[in-house]
Amino acid sequence: MKGQWGVIGIVVVQFFCAIFFVSQILASVLGIAPFSWQVHEMIELGAALGLLLGVVLGWLVLRRTMARNLAVEDQLRLASGAFLEVMEERFQQWDLTPAERDVALFAIKGMSTQEIAGLRDVSEGTVKAQTNAIYRKSGVSGRTQLLSLFIDDLMSPEAKDQP
């Protein structure tokens, strides 16, 4: 939250600096001189420094945001890898056949029985039989419970030891 107020402050300073420079151009075009040249030069110097400060702080915020983005991408890659590891552990624990592993993976991805049958080039009845075997071996009654097993494993590492 602290950094957010800093960014808002920089934007406000840059906004007023930009307004100063635009009003300066308008005053020059219209031939208006509201300040003495010394005051005008000091205000102009302050506005230029404000814009320069905005550029520097904007660069720092951008660098910090890019670093945070890389860290989040790394965490996502690790979570994705961990999810695959958890799935493989469970598949081995349940002693799934290679065909059942494929069907379980497609089911977890949210594919329908018809889509799985099409991808595997088997009948829908075969896929239904395989999903029933998966549910029986894993001790669940449907896809939602199957997926929740993996999510629970990722959220609490001690749950891995439970069947």
# chains A, B, ... in the order shown; residues from 1 in each chain; ligands from 1
call {"tool": "residues_around", "arguments": {"residues": "range 9-25 of chain A", "least_positions_apart": "2", "cutoff": "9 Å", "atoms": "only C-alpha atoms", "output": "VMD selection string"}}
result
chain A and resid 4 to 7 27 to 30 43 to 44 46 to 48 50 to 54 57 to 58
call {"tool": "select_by_dssp", "arguments": {"residues": "chain A", "states": "alpha helix (DSSP H)", "output": "PyMOL selection string"}}
result
chain A and resi 2-30+37-93+98-108+113-120+124-138+143-155
call {"tool": "write_last_selection", "arguments": {"atoms": "C-alpha atoms", "output": "tab-separated table (two decimals), in the first residue's frame"}}
result
chain	number	residue	atom	x	y	z
A	2	LYS	CA	2.90	2.35	0.80
A	3	GLY	CA	4.34	1.95	-2.71
A	4	GLN	CA	0.93	2.60	-4.23
A	5	TRP	CA	0.71	6.02	-2.55
A	6	GLY	CA	4.22	6.82	-3.76
A	7	VAL	CA	3.24	6.06	-7.34
A	8	ILE	CA	0.06	8.11	-6.98
A	9	GLY	CA	2.14	10.99	-5.61
A	10	ILE	CA	4.55	10.82	-8.55
A	11	VAL	CA	1.67	10.81	-11.03
A	12	VAL	CA	0.14	13.87	-9.32
A	13	VAL	CA	3.49	15.73	-9.41
A	14	GLN	CA	3.96	14.86	-13.08
A	15	PHE	CA	0.40	15.97	-13.83
A	16	PHE	CA	0.98	19.39	-12.28
A	17	CYS	CA	4.35	19.71	-14.01
A	18	ALA	CA	2.73	18.94	-17.36
A	19	ILE	CA	-0.02	21.50	-16.64
A	20	PHE	CA	2.66	24.07	-15.85
A	21	PHE	CA	4.47	23.48	-19.14
A	22	VAL	CA	1.24	23.59	-21.15
A	23	SER	CA	0.16	26.80	-19.41
A	24	GLN	CA	3.62	28.21	-20.07
A	25	ILE	CA	3.24	27.56	-23.79
A	26	LEU	CA	-0.27	29.09	-23.79
A	27	ALA	CA	0.95	32.16	-21.86
A	28	SER	CA	3.79	32.57	-24.34
A	29	VAL	CA	1.44	32.30	-27.32
A	30	LEU	CA	-1.05	34.76	-25.79
A	37	TRP	CA	11.20	35.88	-15.11
A	38	GLN	CA	13.08	34.83	-11.93
A	39	VAL	CA	9.97	33.24	-10.37
A	40	HIS	CA	9.07	31.73	-13.71
A	41	GLU	CA	12.54	30.13	-14.07
A	42	MET	CA	12.38	28.68	-10.55
A	43	ILE	CA	8.95	27.17	-11.20
A	44	GLU	CA	10.16	25.79	-14.52
A	45	LEU	CA	13.22	24.26	-12.84
A	46	GLY	CA	11.00	22.67	-10.16
A	47	ALA	CA	8.66	21.28	-12.82
A	48	ALA	CA	11.54	19.82	-14.80
A	49	LEU	CA	12.97	18.20	-11.65
A	50	GLY	CA	9.51	16.82	-10.84
A	51	LEU	CA	9.28	15.21	-14.28
A	52	LEU	CA	12.79	13.81	-13.96
A	53	LEU	CA	11.96	12.40	-10.53
A	54	GLY	CA	8.85	10.81	-12.03
A	55	VAL	CA	10.91	9.11	-14.72
A	56	VAL	CA	13.42	7.75	-12.20
A	57	LEU	CA	10.78	6.50	-9.78
A	58	GLY	CA	8.71	5.12	-12.66
A	59	TRP	CA	11.75	3.12	-13.76
A	60	LEU	CA	12.23	1.79	-10.22
A	61	VAL	CA	8.57	0.76	-9.97
A	62	LEU	CA	8.78	-0.91	-13.39
A	63	ARG	CA	11.90	-2.86	-12.37
A	64	ARG	CA	10.26	-3.97	-9.12
A	65	THR	CA	7.10	-5.01	-10.96
A	66	MET	CA	9.08	-6.98	-13.55
A	67	ALA	CA	11.04	-8.75	-10.79
A	68	ARG	CA	7.80	-9.60	-8.97
A	69	ASN	CA	6.34	-10.90	-12.24
A	70	LEU	CA	9.33	-13.21	-12.75
A	71	ALA	CA	9.02	-14.49	-9.18
A	72	VAL	CA	5.31	-15.23	-9.68
A	73	GLU	CA	6.04	-17.02	-12.96
A	74	ASP	CA	8.65	-19.15	-11.19
A	75	GLN	CA	6.16	-20.00	-8.44
A	76	LEU	CA	3.58	-20.93	-11.04
A	77	ARG	CA	6.08	-23.21	-12.81
A	78	LEU	CA	6.94	-24.85	-9.49
A	79	ALA	CA	3.27	-25.29	-8.62
A	80	SER	CA	2.60	-26.79	-12.03
A	81	GLY	CA	5.50	-29.19	-11.60
A	82	ALA	CA	4.36	-30.02	-8.09
A	83	PHE	CA	0.85	-30.73	-9.37
A	84	LEU	CA	2.25	-33.16	-11.96
A	85	GLU	CA	4.38	-34.83	-9.29
A	86	VAL	CA	1.38	-35.19	-6.97
A	87	MET	CA	-0.67	-36.69	-9.81
A	88	GLU	CA	2.04	-39.19	-10.69
A	89	GLU	CA	2.41	-40.21	-7.03
A	90	ARG	CA	-1.31	-40.74	-6.68
A	91	PHE	CA	-1.56	-42.63	-9.97
A	92	GLN	CA	1.19	-44.99	-8.79
A	93	GLN	CA	-0.39	-45.31	-5.36
A	98	PRO	CA	-1.46	-46.45	-18.52
A	99	ALA	CA	-4.89	-46.14	-20.16
A	100	GLU	CA	-6.48	-45.19	-16.83
A	101	ARG	CA	-3.73	-42.62	-16.26
A	102	ASP	CA	-4.51	-40.99	-19.60
A	103	VAL	CA	-8.24	-40.97	-18.89
A	104	ALA	CA	-7.67	-39.58	-15.37
A	105	LEU	CA	-5.46	-36.81	-16.73
A	106	PHE	CA	-8.03	-35.85	-19.38
A	107	ALA	CA	-10.83	-35.97	-16.79
A	108	ILE	CA	-8.87	-33.72	-14.44
A	113	THR	CA	-16.34	-38.55	-21.81
A	114	GLN	CA	-17.02	-38.02	-25.50
A	115	GLU	CA	-13.92	-35.83	-25.92
A	116	ILE	CA	-11.73	-38.36	-24.09
A	117	ALA	CA	-13.09	-41.19	-26.25
A	118	GLY	CA	-12.32	-39.17	-29.37
A	119	LEU	CA	-8.78	-38.38	-28.27
A	120	ARG	CA	-8.02	-41.96	-27.27
A	124	GLU	CA	-17.43	-43.88	-24.73
A	125	GLY	CA	-18.32	-47.08	-22.88
A	126	THR	CA	-14.62	-47.90	-22.55
A	127	VAL	CA	-13.92	-44.44	-21.15
A	128	LYS	CA	-16.82	-44.77	-18.70
A	129	ALA	CA	-15.51	-48.13	-17.52
A	130	GLN	CA	-12.02	-46.67	-17.08
A	131	THR	CA	-13.32	-43.63	-15.17
A	132	ASN	CA	-15.33	-45.92	-12.89
A	133	ALA	CA	-12.17	-47.96	-12.24
A	134	ILE	CA	-10.27	-44.74	-11.47
A	135	TYR	CA	-12.96	-43.57	-9.05
A	136	ARG	CA	-13.05	-46.99	-7.35
A	137	LYS	CA	-9.26	-47.17	-7.00
A	138	SER	CA	-9.02	-43.61	-5.71
A	143	ARG	CA	-14.44	-35.92	-11.10
A	144	THR	CA	-14.87	-33.11	-8.63
A	145	GLN	CA	-13.73	-35.27	-5.73
A	146	LEU	CA	-10.86	-36.62	-7.83
A	147	LEU	CA	-9.61	-33.11	-8.56
A	148	SER	CA	-10.08	-32.06	-4.93
A	149	LEU	CA	-7.70	-34.84	-3.83
A	150	PHE	CA	-4.88	-33.22	-5.79
A	151	ILE	CA	-5.73	-29.71	-4.66
A	152	ASP	CA	-5.78	-30.88	-1.04
A	153	ASP	CA	-2.36	-32.49	-1.54
A	154	LEU	CA	-0.93	-29.24	-2.90
A	155	MET	CA	-2.41	-27.15	-0.13
call {"tool": "atom_distance", "arguments": {"atom1": "CA of Val140 in chain A", "atom2": "CA of Asp95 in chain A"}}
result
14.9 Å
call {"tool": "decode", "arguments": {"residues": "range 10-130 of chain A", "atoms": "C-alpha atoms", "output": "PDB file, in the first residue's frame"}}
result
ATOM      1  CA  ILE A  10       4.551  10.817  -8.546  1.00  0.00           C
ATOM      2  CA  VAL A  11       1.669  10.814 -11.033  1.00  0.00           C
ATOM      3  CA  VAL A  12       0.145  13.870  -9.320  1.00  0.00           C
ATOM      4  CA  VAL A  13       3.488  15.733  -9.413  1.00  0.00           C
ATOM      5  CA  GLN A  14       3.961  14.858 -13.077  1.00  0.00           C
ATOM      6  CA  PHE A  15       0.403  15.969 -13.826  1.00  0.00           C
ATOM      7  CA  PHE A  16       0.982  19.395 -12.278  1.00  0.00           C
ATOM      8  CA  CYS A  17       4.347  19.711 -14.014  1.00  0.00           C
ATOM      9  CA  ALA A  18       2.729  18.939 -17.358  1.00  0.00           C
ATOM     10  CA  ILE A  19      -0.021  21.504 -16.644  1.00  0.00           C
ATOM     11  CA  PHE A  20       2.659  24.074 -15.851  1.00  0.00           C
ATOM     12  CA  PHE A  21       4.465  23.479 -19.137  1.00  0.00           C
ATOM     13  CA  VAL A  22       1.236  23.587 -21.154  1.00  0.00           C
ATOM     14  CA  SER A  23       0.157  26.800 -19.407  1.00  0.00           C
ATOM     15  CA  GLN A  24       3.624  28.206 -20.072  1.00  0.00           C
ATOM     16  CA  ILE A  25       3.237  27.562 -23.786  1.00  0.00           C
ATOM     17  CA  LEU A  26      -0.272  29.092 -23.785  1.00  0.00           C
ATOM     18  CA  ALA A  27       0.949  32.159 -21.862  1.00  0.00           C
ATOM     19  CA  SER A  28       3.793  32.567 -24.342  1.00  0.00           C
ATOM     20  CA  VAL A  29       1.440  32.303 -27.322  1.00  0.00           C
ATOM     21  CA  LEU A  30      -1.047  34.759 -25.789  1.00  0.00           C
ATOM     22  CA  GLY A  31       1.693  37.140 -24.606  1.00  0.00           C
ATOM     23  CA  ILE A  32       0.782  36.868 -20.930  1.00  0.00           C
ATOM     24  CA  ALA A  33       3.521  37.057 -18.280  1.00  0.00           C
ATOM     25  CA  PRO A  34       1.917  36.426 -14.857  1.00  0.00           C
ATOM     26  CA  PHE A  35       5.275  36.071 -13.026  1.00  0.00           C
ATOM     27  CA  SER A  36       8.607  37.770 -13.112  1.00  0.00           C
ATOM     28  CA  TRP A  37      11.196  35.882 -15.106  1.00  0.00           C
ATOM     29  CA  GLN A  38      13.081  34.827 -11.930  1.00  0.00           C
ATOM     30  CA  VAL A  39       9.973  33.236 -10.373  1.00  0.00           C
ATOM     31  CA  HIS A  40       9.074  31.730 -13.711  1.00  0.00           C
ATOM     32  CA  GLU A  41      12.542  30.127 -14.070  1.00  0.00           C
ATOM     33  CA  MET A  42      12.381  28.682 -10.546  1.00  0.00           C
ATOM     34  CA  ILE A  43       8.947  27.168 -11.195  1.00  0.00           C
ATOM     35  CA  GLU A  44      10.164  25.788 -14.517  1.00  0.00           C
ATOM     36  CA  LEU A  45      13.224  24.263 -12.840  1.00  0.00           C
ATOM     37  CA  GLY A  46      11.003  22.674 -10.161  1.00  0.00           C
ATOM     38  CA  ALA A  47       8.659  21.281 -12.815  1.00  0.00           C
ATOM     39  CA  ALA A  48      11.543  19.819 -14.802  1.00  0.00           C
ATOM     40  CA  LEU A  49      12.970  18.204 -11.655  1.00  0.00           C
ATOM     41  CA  GLY A  50       9.507  16.816 -10.844  1.00  0.00           C
ATOM     42  CA  LEU A  51       9.278  15.214 -14.279  1.00  0.00           C
ATOM     43  CA  LEU A  52      12.794  13.805 -13.960  1.00  0.00           C
ATOM     44  CA  LEU A  53      11.958  12.404 -10.530  1.00  0.00           C
ATOM     45  CA  GLY A  54       8.847  10.812 -12.029  1.00  0.00           C
ATOM     46  CA  VAL A  55      10.909   9.109 -14.725  1.00  0.00           C
ATOM     47  CA  VAL A  56      13.422   7.747 -12.199  1.00  0.00           C
ATOM     48  CA  LEU A  57      10.775   6.504  -9.784  1.00  0.00           C
ATOM     49  CA  GLY A  58       8.709   5.119 -12.663  1.00  0.00           C
ATOM     50  CA  TRP A  59      11.746   3.123 -13.762  1.00  0.00           C
ATOM     51  CA  LEU A  60      12.227   1.789 -10.221  1.00  0.00           C
ATOM     52  CA  VAL A  61       8.573   0.757  -9.973  1.00  0.00           C
ATOM     53  CA  LEU A  62       8.782  -0.906 -13.391  1.00  0.00           C
ATOM     54  CA  ARG A  63      11.897  -2.863 -12.367  1.00  0.00           C
ATOM     55  CA  ARG A  64      10.262  -3.970  -9.122  1.00  0.00           C
ATOM     56  CA  THR A  65       7.101  -5.007 -10.965  1.00  0.00           C
ATOM     57  CA  MET A  66       9.084  -6.979 -13.547  1.00  0.00           C
ATOM     58  CA  ALA A  67      11.039  -8.747 -10.786  1.00  0.00           C
ATOM     59  CA  ARG A  68       7.800  -9.599  -8.974  1.00  0.00           C
ATOM     60  CA  ASN A  69       6.337 -10.899 -12.239  1.00  0.00           C
ATOM     61  CA  LEU A  70       9.334 -13.205 -12.746  1.00  0.00           C
ATOM     62  CA  ALA A  71       9.015 -14.492  -9.184  1.00  0.00           C
ATOM     63  CA  VAL A  72       5.314 -15.229  -9.676  1.00  0.00           C
ATOM     64  CA  GLU A  73       6.039 -17.024 -12.963  1.00  0.00           C
ATOM     65  CA  ASP A  74       8.655 -19.151 -11.187  1.00  0.00           C
ATOM     66  CA  GLN A  75       6.164 -20.000  -8.439  1.00  0.00           C
ATOM     67  CA  LEU A  76       3.576 -20.929 -11.042  1.00  0.00           C
ATOM     68  CA  ARG A  77       6.077 -23.207 -12.810  1.00  0.00           C
ATOM     69  CA  LEU A  78       6.943 -24.850  -9.494  1.00  0.00           C
ATOM     70  CA  ALA A  79       3.269 -25.293  -8.615  1.00  0.00           C
ATOM     71  CA  SER A  80       2.599 -26.789 -12.033  1.00  0.00           C
ATOM     72  CA  GLY A  81       5.500 -29.194 -11.602  1.00  0.00           C
ATOM     73  CA  ALA A  82       4.362 -30.023  -8.086  1.00  0.00           C
ATOM     74  CA  PHE A  83       0.850 -30.735  -9.373  1.00  0.00           C
ATOM     75  CA  LEU A  84       2.246 -33.156 -11.960  1.00  0.00           C
ATOM     76  CA  GLU A  85       4.376 -34.831  -9.287  1.00  0.00           C
ATOM     77  CA  VAL A  86       1.381 -35.194  -6.972  1.00  0.00           C
ATOM     78  CA  MET A  87      -0.670 -36.688  -9.812  1.00  0.00           C
ATOM     79  CA  GLU A  88       2.038 -39.192 -10.686  1.00  0.00           C
ATOM     80  CA  GLU A  89       2.414 -40.209  -7.027  1.00  0.00           C
ATOM     81  CA  ARG A  90      -1.308 -40.735  -6.683  1.00  0.00           C
ATOM     82  CA  PHE A  91      -1.559 -42.632  -9.972  1.00  0.00           C
ATOM     83  CA  GLN A  92       1.188 -44.989  -8.794  1.00  0.00           C
ATOM     84  CA  GLN A  93      -0.392 -45.309  -5.356  1.00  0.00           C
ATOM     85  CA  TRP A  94      -3.714 -46.265  -6.931  1.00  0.00           C
ATOM     86  CA  ASP A  95      -1.975 -48.649  -9.352  1.00  0.00           C
ATOM     87  CA  LEU A  96      -3.640 -47.143 -12.429  1.00  0.00           C
ATOM     88  CA  THR A  97      -2.976 -48.694 -15.818  1.00  0.00           C
ATOM     89  CA  PRO A  98      -1.465 -46.451 -18.524  1.00  0.00           C
ATOM     90  CA  ALA A  99      -4.891 -46.139 -20.163  1.00  0.00           C
ATOM     91  CA  GLU A 100      -6.479 -45.189 -16.828  1.00  0.00           C
ATOM     92  CA  ARG A 101      -3.729 -42.621 -16.258  1.00  0.00           C
ATOM     93  CA  ASP A 102      -4.511 -40.994 -19.603  1.00  0.00           C
ATOM     94  CA  VAL A 103      -8.239 -40.969 -18.890  1.00  0.00           C
ATOM     95  CA  ALA A 104      -7.674 -39.584 -15.374  1.00  0.00           C
ATOM     96  CA  LEU A 105      -5.462 -36.812 -16.730  1.00  0.00           C
ATOM     97  CA  PHE A 106      -8.032 -35.851 -19.377  1.00  0.00           C
ATOM     98  CA  ALA A 107     -10.832 -35.974 -16.785  1.00  0.00           C
ATOM     99  CA  ILE A 108      -8.867 -33.715 -14.438  1.00  0.00           C
ATOM    100  CA  LYS A 109      -8.360 -31.300 -17.328  1.00  0.00           C
ATOM    101  CA  GLY A 110     -12.156 -31.108 -17.589  1.00  0.00           C
ATOM    102  CA  MET A 111     -12.743 -33.013 -20.811  1.00  0.00           C
ATOM    103  CA  SER A 112     -16.027 -34.802 -21.372  1.00  0.00           C
ATOM    104  CA  THR A 113     -16.343 -38.553 -21.806  1.00  0.00           C
ATOM    105  CA  GLN A 114     -17.023 -38.020 -25.499  1.00  0.00           C
ATOM    106  CA  GLU A 115     -13.916 -35.826 -25.917  1.00  0.00           C
ATOM    107  CA  ILE A 116     -11.732 -38.363 -24.088  1.00  0.00           C
ATOM    108  CA  ALA A 117     -13.086 -41.185 -26.249  1.00  0.00           C
ATOM    109  CA  GLY A 118     -12.321 -39.174 -29.374  1.00  0.00           C
ATOM    110  CA  LEU A 119      -8.785 -38.378 -28.267  1.00  0.00           C
ATOM    111  CA  ARG A 120      -8.020 -41.957 -27.274  1.00  0.00           C
ATOM    112  CA  ASP A 121      -9.875 -43.457 -30.269  1.00  0.00           C
ATOM    113  CA  VAL A 122     -11.992 -45.752 -28.072  1.00  0.00           C
ATOM    114  CA  SER A 123     -15.709 -45.985 -27.358  1.00  0.00           C
ATOM    115  CA  GLU A 124     -17.431 -43.879 -24.732  1.00  0.00           C
ATOM    116  CA  GLY A 125     -18.319 -47.081 -22.884  1.00  0.00           C
ATOM    117  CA  THR A 126     -14.616 -47.905 -22.547  1.00  0.00           C
ATOM    118  CA  VAL A 127     -13.915 -44.440 -21.149  1.00  0.00           C
ATOM    119  CA  LYS A 128     -16.823 -44.773 -18.697  1.00  0.00           C
ATOM    120  CA  ALA A 129     -15.506 -48.130 -17.519  1.00  0.00           C
ATOM    121  CA  GLN A 130     -12.024 -46.666 -17.082  1.00  0.00           C
TER     122      GLN A 130
END
